[in-house]
$ cat structure_0.pdb   # PDB, C-alpha atoms
ATOM      1  CA  MET A  26    -175.708-180.006 219.545  1.00  0.00           C
ATOM      2  CA  LYS A  27    -172.365-179.434 217.813  1.00  0.00           C
ATOM      3  CA  LYS A  28    -173.447-181.643 214.918  1.00  0.00           C
ATOM      4  CA  LEU A  29    -176.689-179.716 214.523  1.00  0.00           C
ATOM      5  CA  PHE A  30    -174.833-176.400 214.605  1.00  0.00           C
ATOM      6  CA  LEU A  31    -172.273-177.667 212.066  1.00  0.00           C
ATOM      7  CA  LEU A  32    -175.040-178.993 209.825  1.00  0.00           C
ATOM      8  CA  ASN A  33    -176.841-175.622 209.951  1.00  0.00           C
ATOM      9  CA  VAL A  34    -173.631-173.764 209.092  1.00  0.00           C
ATOM     10  CA  ILE A  35    -172.955-176.063 206.131  1.00  0.00           C
ATOM     11  CA  LEU A  36    -176.541-175.701 204.954  1.00  0.00           C
ATOM     12  CA  PHE A  37    -176.407-171.910 205.260  1.00  0.00           C
ATOM     13  CA  LEU A  38    -173.100-171.704 203.375  1.00  0.00           C
ATOM     14  CA  SER A  39    -174.309-173.990 200.600  1.00  0.00           C
ATOM     15  CA  ILE A  40    -177.483-171.933 200.140  1.00  0.00           C
ATOM     16  CA  PHE A  41    -175.449-168.716 200.203  1.00  0.00           C
ATOM     17  CA  LEU A  42    -172.861-169.939 197.684  1.00  0.00           C
ATOM     18  CA  CYS A  43    -175.369-171.522 195.320  1.00  0.00           C
ATOM     19  CA  GLY A  44    -177.644-168.513 195.492  1.00  0.00           C
ATOM     20  CA  GLN A  45    -174.962-166.115 194.255  1.00  0.00           C
ATOM     21  CA  ASN A  46    -175.500-164.917 190.718  1.00  0.00           C
ATOM     22  CA  SER A  47    -172.409-164.416 188.616  1.00  0.00           C
ATOM     23  CA  ILE A  48    -173.958-161.546 186.641  1.00  0.00           C
ATOM     24  CA  ASN A  49    -174.987-158.393 188.468  1.00  0.00           C
ATOM     25  CA  ASP A  50    -178.150-156.465 187.701  1.00  0.00           C
ATOM     26  CA  ASP A  51    -176.386-153.741 185.708  1.00  0.00           C
ATOM     27  CA  ALA A  52    -174.814-156.264 183.341  1.00  0.00           C
ATOM     28  CA  LYS A  53    -178.177-158.034 182.953  1.00  0.00           C
ATOM     29  CA  ALA A  54    -179.812-154.744 182.042  1.00  0.00           C
ATOM     30  CA  ARG A  55    -177.076-153.887 179.542  1.00  0.00           C
ATOM     31  CA  ILE A  56    -177.274-157.328 177.900  1.00  0.00           C
ATOM     32  CA  SER A  57    -181.060-157.352 177.633  1.00  0.00           C
ATOM     33  CA  THR A  58    -181.093-153.783 176.292  1.00  0.00           C
ATOM     34  CA  TYR A  59    -178.446-154.717 173.737  1.00  0.00           C
ATOM     35  CA  LEU A  60    -180.551-157.701 172.645  1.00  0.00           C
ATOM     36  CA  LYS A  61    -183.627-155.475 172.223  1.00  0.00           C
ATOM     37  CA  ILE A  62    -181.700-153.023 170.058  1.00  0.00           C
ATOM     38  CA  ASN A  63    -179.667-155.631 168.153  1.00  0.00           C
ATOM     39  CA  PRO A  64    -181.751-158.815 167.788  1.00  0.00           C
ATOM     40  CA  GLN A  65    -179.620-159.966 164.828  1.00  0.00           C
ATOM     41  CA  ILE A  66    -177.192-161.565 167.263  1.00  0.00           C
ATOM     42  CA  LEU A  67    -179.801-164.275 167.863  1.00  0.00           C
ATOM     43  CA  ASN A  68    -180.384-165.046 164.171  1.00  0.00           C
ATOM     44  CA  VAL A  69    -179.363-168.526 163.044  1.00  0.00           C
ATOM     45  CA  GLN A  70    -179.989-170.128 159.659  1.00  0.00           C
ATOM     46  CA  VAL A  71    -181.131-173.687 160.380  1.00  0.00           C
ATOM     47  CA  SER A  72    -183.755-175.792 158.641  1.00  0.00           C
ATOM     48  CA  SER A  73    -184.115-179.122 160.459  1.00  0.00           C
ATOM     49  CA  LEU A  74    -186.681-179.555 163.212  1.00  0.00           C
ATOM     50  CA  GLU A  75    -184.102-180.657 165.797  1.00  0.00           C
ATOM     51  CA  ALA A  76    -181.851-177.668 165.118  1.00  0.00           C
ATOM     52  CA  LYS A  77    -184.768-175.223 165.268  1.00  0.00           C
ATOM     53  CA  SER A  78    -185.868-176.708 168.595  1.00  0.00           C
ATOM     54  CA  ILE A  79    -182.385-176.413 170.081  1.00  0.00           C
ATOM     55  CA  VAL A  80    -182.009-172.830 168.870  1.00  0.00           C
ATOM     56  CA  ASP A  81    -185.433-171.911 170.276  1.00  0.00           C
ATOM     57  CA  ILE A  82    -184.518-173.325 173.683  1.00  0.00           C
ATOM     58  CA  ILE A  83    -181.148-171.539 173.722  1.00  0.00           C
ATOM     59  CA  VAL A  84    -182.648-168.203 172.665  1.00  0.00           C
ATOM     60  CA  TYR A  85    -185.590-168.455 175.088  1.00  0.00           C
ATOM     61  CA  SER A  86    -183.415-169.349 178.068  1.00  0.00           C
ATOM     62  CA  TYR A  87    -180.894-166.637 177.256  1.00  0.00           C
ATOM     63  CA  GLU A  88    -183.481-163.912 176.703  1.00  0.00           C
ATOM     64  CA  ASN A  89    -185.366-164.703 179.899  1.00  0.00           C
ATOM     65  CA  PHE A  90    -182.714-165.962 182.310  1.00  0.00           C
ATOM     66  CA  LEU A  91    -179.339-165.122 180.681  1.00  0.00           C
ATOM     67  CA  VAL A  92    -178.397-168.798 180.833  1.00  0.00           C
ATOM     68  CA  ILE A  93    -176.914-170.766 177.955  1.00  0.00           C
ATOM     69  CA  PRO A  94    -178.031-174.384 178.330  1.00  0.00           C
ATOM     70  CA  GLU A  95    -175.691-177.154 177.246  1.00  0.00           C
ATOM     71  CA  LEU A  96    -177.774-179.235 174.882  1.00  0.00           C
ATOM     72  CA  PRO A  97    -176.539-182.300 172.967  1.00  0.00           C
ATOM     73  CA  LEU A  98    -176.194-181.833 169.223  1.00  0.00           C
ATOM     74  CA  ASN A  99    -176.174-185.563 168.455  1.00  0.00           C
ATOM     75  CA  ASN A 100    -179.490-185.615 166.565  1.00  0.00           C
ATOM     76  CA  ILE A 101    -178.392-182.921 164.109  1.00  0.00           C
ATOM     77  CA  THR A 102    -176.850-184.511 161.020  1.00  0.00           C
ATOM     78  CA  ASP A 103    -175.916-181.384 159.056  1.00  0.00           C
ATOM     79  CA  ALA A 104    -172.462-180.026 159.918  1.00  0.00           C
ATOM     80  CA  ASN A 105    -173.425-176.489 158.859  1.00  0.00           C
ATOM     81  CA  GLU A 106    -176.298-176.423 161.335  1.00  0.00           C
ATOM     82  CA  LYS A 107    -174.022-177.640 164.130  1.00  0.00           C
ATOM     83  CA  SER A 108    -171.515-174.912 163.328  1.00  0.00           C
ATOM     84  CA  GLU A 109    -174.316-172.291 163.252  1.00  0.00           C
ATOM     85  CA  ILE A 110    -175.522-173.368 166.688  1.00  0.00           C
ATOM     86  CA  ASN A 111    -171.956-173.395 168.041  1.00  0.00           C
ATOM     87  CA  LEU A 112    -171.420-169.871 166.666  1.00  0.00           C
ATOM     88  CA  LEU A 113    -174.632-168.729 168.371  1.00  0.00           C
ATOM     89  CA  VAL A 114    -173.428-170.173 171.682  1.00  0.00           C
ATOM     90  CA  LYS A 115    -170.026-168.479 171.261  1.00  0.00           C
ATOM     91  CA  ARG A 116    -171.696-165.117 170.496  1.00  0.00           C
ATOM     92  CA  LEU A 117    -173.887-165.404 173.583  1.00  0.00           C
ATOM     93  CA  GLU A 118    -170.933-166.451 175.779  1.00  0.00           C
ATOM     94  CA  ASN A 119    -168.947-163.482 174.476  1.00  0.00           C
ATOM     95  CA  LEU A 120    -171.880-161.178 175.199  1.00  0.00           C
ATOM     96  CA  THR A 121    -172.170-162.595 178.719  1.00  0.00           C
ATOM     97  CA  ASN A 122    -168.452-162.305 179.448  1.00  0.00           C
ATOM     98  CA  ASN A 123    -168.067-158.870 177.830  1.00  0.00           C
ATOM     99  CA  PRO A 124    -171.371-156.994 178.138  1.00  0.00           C
ATOM    100  CA  PRO A 125    -171.464-153.744 176.175  1.00  0.00           C
ATOM    101  CA  SER A 126    -171.161-150.478 178.022  1.00  0.00           C
ATOM    102  CA  TRP A 127    -174.018-148.024 178.207  1.00  0.00           C
ATOM    103  CA  GLN A 128    -172.111-145.699 175.860  1.00  0.00           C
ATOM    104  CA  GLU A 129    -171.844-148.447 173.223  1.00  0.00           C
ATOM    105  CA  ILE A 130    -175.556-149.169 173.555  1.00  0.00           C
ATOM    106  CA  LEU A 131    -176.345-145.460 173.200  1.00  0.00           C
ATOM    107  CA  SER A 132    -174.209-145.126 170.065  1.00  0.00           C
ATOM    108  CA  LEU A 133    -175.853-148.240 168.595  1.00  0.00           C
ATOM    109  CA  GLN A 134    -179.306-146.809 169.300  1.00  0.00           C
ATOM    110  CA  LEU A 135    -178.369-143.435 167.770  1.00  0.00           C
ATOM    111  CA  LYS A 136    -177.007-145.197 164.690  1.00  0.00           C
ATOM    112  CA  LYS A 137    -180.163-147.270 164.391  1.00  0.00           C
ATOM    113  CA  LYS A 138    -182.439-144.223 164.770  1.00  0.00           C
ATOM    114  CA  SER A 139    -180.463-142.101 162.283  1.00  0.00           C
ATOM    115  CA  THR A 140    -180.430-144.614 159.413  1.00  0.00           C
ATOM    116  CA  PRO A 141    -183.509-144.487 157.193  1.00  0.00           C
ATOM    117  CA  PRO A 142    -185.531-147.665 156.844  1.00  0.00           C
ATOM    118  CA  THR A 143    -184.666-149.783 153.859  1.00  0.00           C
ATOM    119  CA  PRO A 144    -187.390-151.141 151.613  1.00  0.00           C
ATOM    120  CA  PRO A 145    -187.854-154.893 151.481  1.00  0.00           C
ATOM    121  CA  VAL A 146    -186.024-156.546 148.627  1.00  0.00           C
ATOM    122  CA  TYR A 147    -187.384-159.822 147.315  1.00  0.00           C
ATOM    123  CA  ALA A 148    -185.953-160.033 143.810  1.00  0.00           C
ATOM    124  CA  GLY A 149    -182.294-159.611 144.733  1.00  0.00           C
ATOM    125  CA  ASP A 150    -179.972-156.656 144.867  1.00  0.00           C
ATOM    126  CA  ASP A 151    -179.564-156.322 141.096  1.00  0.00           C
ATOM    127  CA  LYS A 152    -183.299-156.077 140.475  1.00  0.00           C
ATOM    128  CA  ALA A 153    -183.724-153.670 143.372  1.00  0.00           C
ATOM    129  CA  ALA A 154    -180.945-151.450 142.056  1.00  0.00           C
ATOM    130  CA  GLN A 155    -182.609-151.427 138.631  1.00  0.00           C
ATOM    131  CA  TYR A 156    -186.025-150.675 140.087  1.00  0.00           C
ATOM    132  CA  TYR A 157    -185.162-148.053 142.719  1.00  0.00           C
ATOM    133  CA  ASN A 158    -182.167-146.333 141.130  1.00  0.00           C
ATOM    134  CA  THR A 159    -183.502-144.560 138.064  1.00  0.00           C
ATOM    135  CA  LYS A 160    -180.206-142.778 137.365  1.00  0.00           C
ATOM    136  CA  SER A 161    -178.268-145.979 136.723  1.00  0.00           C
ATOM    137  CA  SER A 162    -180.910-147.697 134.595  1.00  0.00           C
ATOM    138  CA  ASN A 163    -183.817-146.716 132.430  1.00  0.00           C
ATOM    139  CA  PHE A 164    -186.173-149.179 134.132  1.00  0.00           C
ATOM    140  CA  ASN A 165    -188.605-147.800 136.659  1.00  0.00           C
ATOM    141  CA  LYS A 166    -192.319-147.833 137.332  1.00  0.00           C
ATOM    142  CA  LYS A 167    -193.215-145.359 134.591  1.00  0.00           C
ATOM    143  CA  SER A 168    -190.995-146.743 131.848  1.00  0.00           C
ATOM    144  CA  SER A 169    -191.371-150.449 132.539  1.00  0.00           C
ATOM    145  CA  GLN A 170    -193.009-150.986 129.115  1.00  0.00           C
ATOM    146  CA  ALA A 171    -196.050-152.486 130.862  1.00  0.00           C
ATOM    147  CA  LYS A 172    -199.250-152.059 128.912  1.00  0.00           C
ATOM    148  CA  ALA A 173    -202.402-151.074 130.719  1.00  0.00           C
ATOM    149  CA  VAL A 174    -205.254-153.560 130.427  1.00  0.00           C
ATOM    150  CA  PRO A 175    -208.730-152.058 130.175  1.00  0.00           C
ATOM    151  CA  ILE A 176    -211.183-153.084 132.852  1.00  0.00           C
ATOM    152  CA  GLU A 177    -213.678-154.461 130.316  1.00  0.00           C
ATOM    153  CA  ILE A 178    -211.192-157.118 129.217  1.00  0.00           C
ATOM    154  CA  GLU A 179    -210.464-158.282 132.741  1.00  0.00           C
ATOM    155  CA  THR A 180    -214.060-158.679 133.884  1.00  0.00           C
ATOM    156  CA  SER A 181    -216.027-161.713 132.808  1.00  0.00           C
ATOM    157  CA  LYS A 182    -219.036-161.241 130.537  1.00  0.00           C
ATOM    158  CA  SER A 183    -220.769-164.506 131.448  1.00  0.00           C
ATOM    159  CA  GLU A 184    -223.805-164.517 133.658  1.00  0.00           C
ATOM    160  CA  PRO A 185    -223.349-165.826 137.211  1.00  0.00           C
ATOM    161  CA  THR A 186    -224.804-169.237 137.945  1.00  0.00           C
ATOM    162  CA  PRO A 187    -227.836-168.939 140.225  1.00  0.00           C
ATOM    163  CA  LEU A 188    -227.742-170.668 143.578  1.00  0.00           C
ATOM    164  CA  PRO A 189    -230.547-173.115 144.420  1.00  0.00           C
ATOM    165  CA  ASP A 190    -233.275-171.706 146.604  1.00  0.00           C
ATOM    166  CA  LYS A 191    -233.005-173.191 150.108  1.00  0.00           C
ATOM    167  CA  THR A 192    -236.418-171.950 151.276  1.00  0.00           C
ATOM    168  CA  LYS A 193    -238.358-174.385 149.055  1.00  0.00           C
ATOM    169  CA  GLU A 194    -236.766-177.469 150.587  1.00  0.00           C
TER
END

$ encode --input "structure_0.pdb" --output "structure tokens"
Amino acid sequence: MKKLFLLNVILFLSIFLCGQNSINDDAKARISTYLKINPQILNVQVSSLEAKSIVDIIVYSYENFLVIPELPLNNITDANEKSEINLLVKRLENLTNNPPSWQEILSLQLKKKSTPPTPPVYAGDDKAAQYYNTKSSNFNKKSSQAKAVPIEIETSKSEPTPLPDKTKE
């Protein structure tokens, strides 16, 4: 009877101690809210399939369960990709250990809402500055020296080839 009681106590304590979560609900809410507002913390520049898979697993597990899995980086040959993944893990560990306060999250949200959206830039910053800033350069949509092409030149003058009639077959 004493052994059964002792076994039950040990079982209860092990379940109790293993069931404790190190992060409380408020910190979880602050971290997940911060990730929704600032998703750039999860951005990593990797190109190999192995590195992308590892990053996807780390990001998925952290977003859903706030757990950073320890995955082996042996299959990744590029040192830059390993350092990128290690930096991601360090950023997530820092976020877990020091979750932002609600005031910091509020100021980040206000800053994000108050800044106007930026247009997408595909040609580089120099080309975008030339195109969008008409005061610093004479190149813009109206003065781009582009000649208009009449519609008659663009359309083809040849007759379309007729399709064979399928009803006669």

$ resolve_selection --input "structure_0.pdb" --expression "the PyMOL selection byres ((chain A and resi 110) around 9)" --output "list in words"
Val69, Gln70, Val71, Ala76, Ile79, Val80, Leu98, Asn105, Glu106, Lys107, Ser108, Glu109, Asn111, Leu112, Leu113, Val114 and Lys115 of chain A

$ residues_around --input "structure_0.pdb" --residues "A:Leu60" --least-positions-apart "5" --cutoff "10 Å" --atoms "all atoms listed in the file" --output "list of chain:residue names"
A:Ala54, A:Arg55, A:Gln65, A:Ile66, A:Leu67, A:Glu88, A:Leu120, A:Ile130

$ atom_distance --input "structure_0.pdb" --atom1 "atom CA of A:Ile62" --atom2 "atom CA of A:Gln134"
6.7 Å

$ closest_residue --input "structure_0.pdb" --among "A:Ser73, A:Glu95, A:Asn100, A:Ser126" --to "A:Thr58" --atoms "all atoms listed in the file"
A:Ser126

$ axis_aligned_box --input "structure_0.pdb" --around "stretch 93-106 of chain A" --padding-each-side "6 Å" --output "JSON"
{"center_x": -176.0, "center_y": -178.2, "center_z": 168.6, "size_x": 19.0, "size_y": 26.8, "size_z": 31.5}

$ atom_distance --input "structure_0.pdb" --atom1 "atom CA of A:Ala52" --atom2 "atom CA of A:Ile93"
15.6 Å

$ atom_distance --input "structure_0.pdb" --atom1 "atom CA of A:Tyr85" --atom2 "atom CA of A:Ser132"
26.4 Å
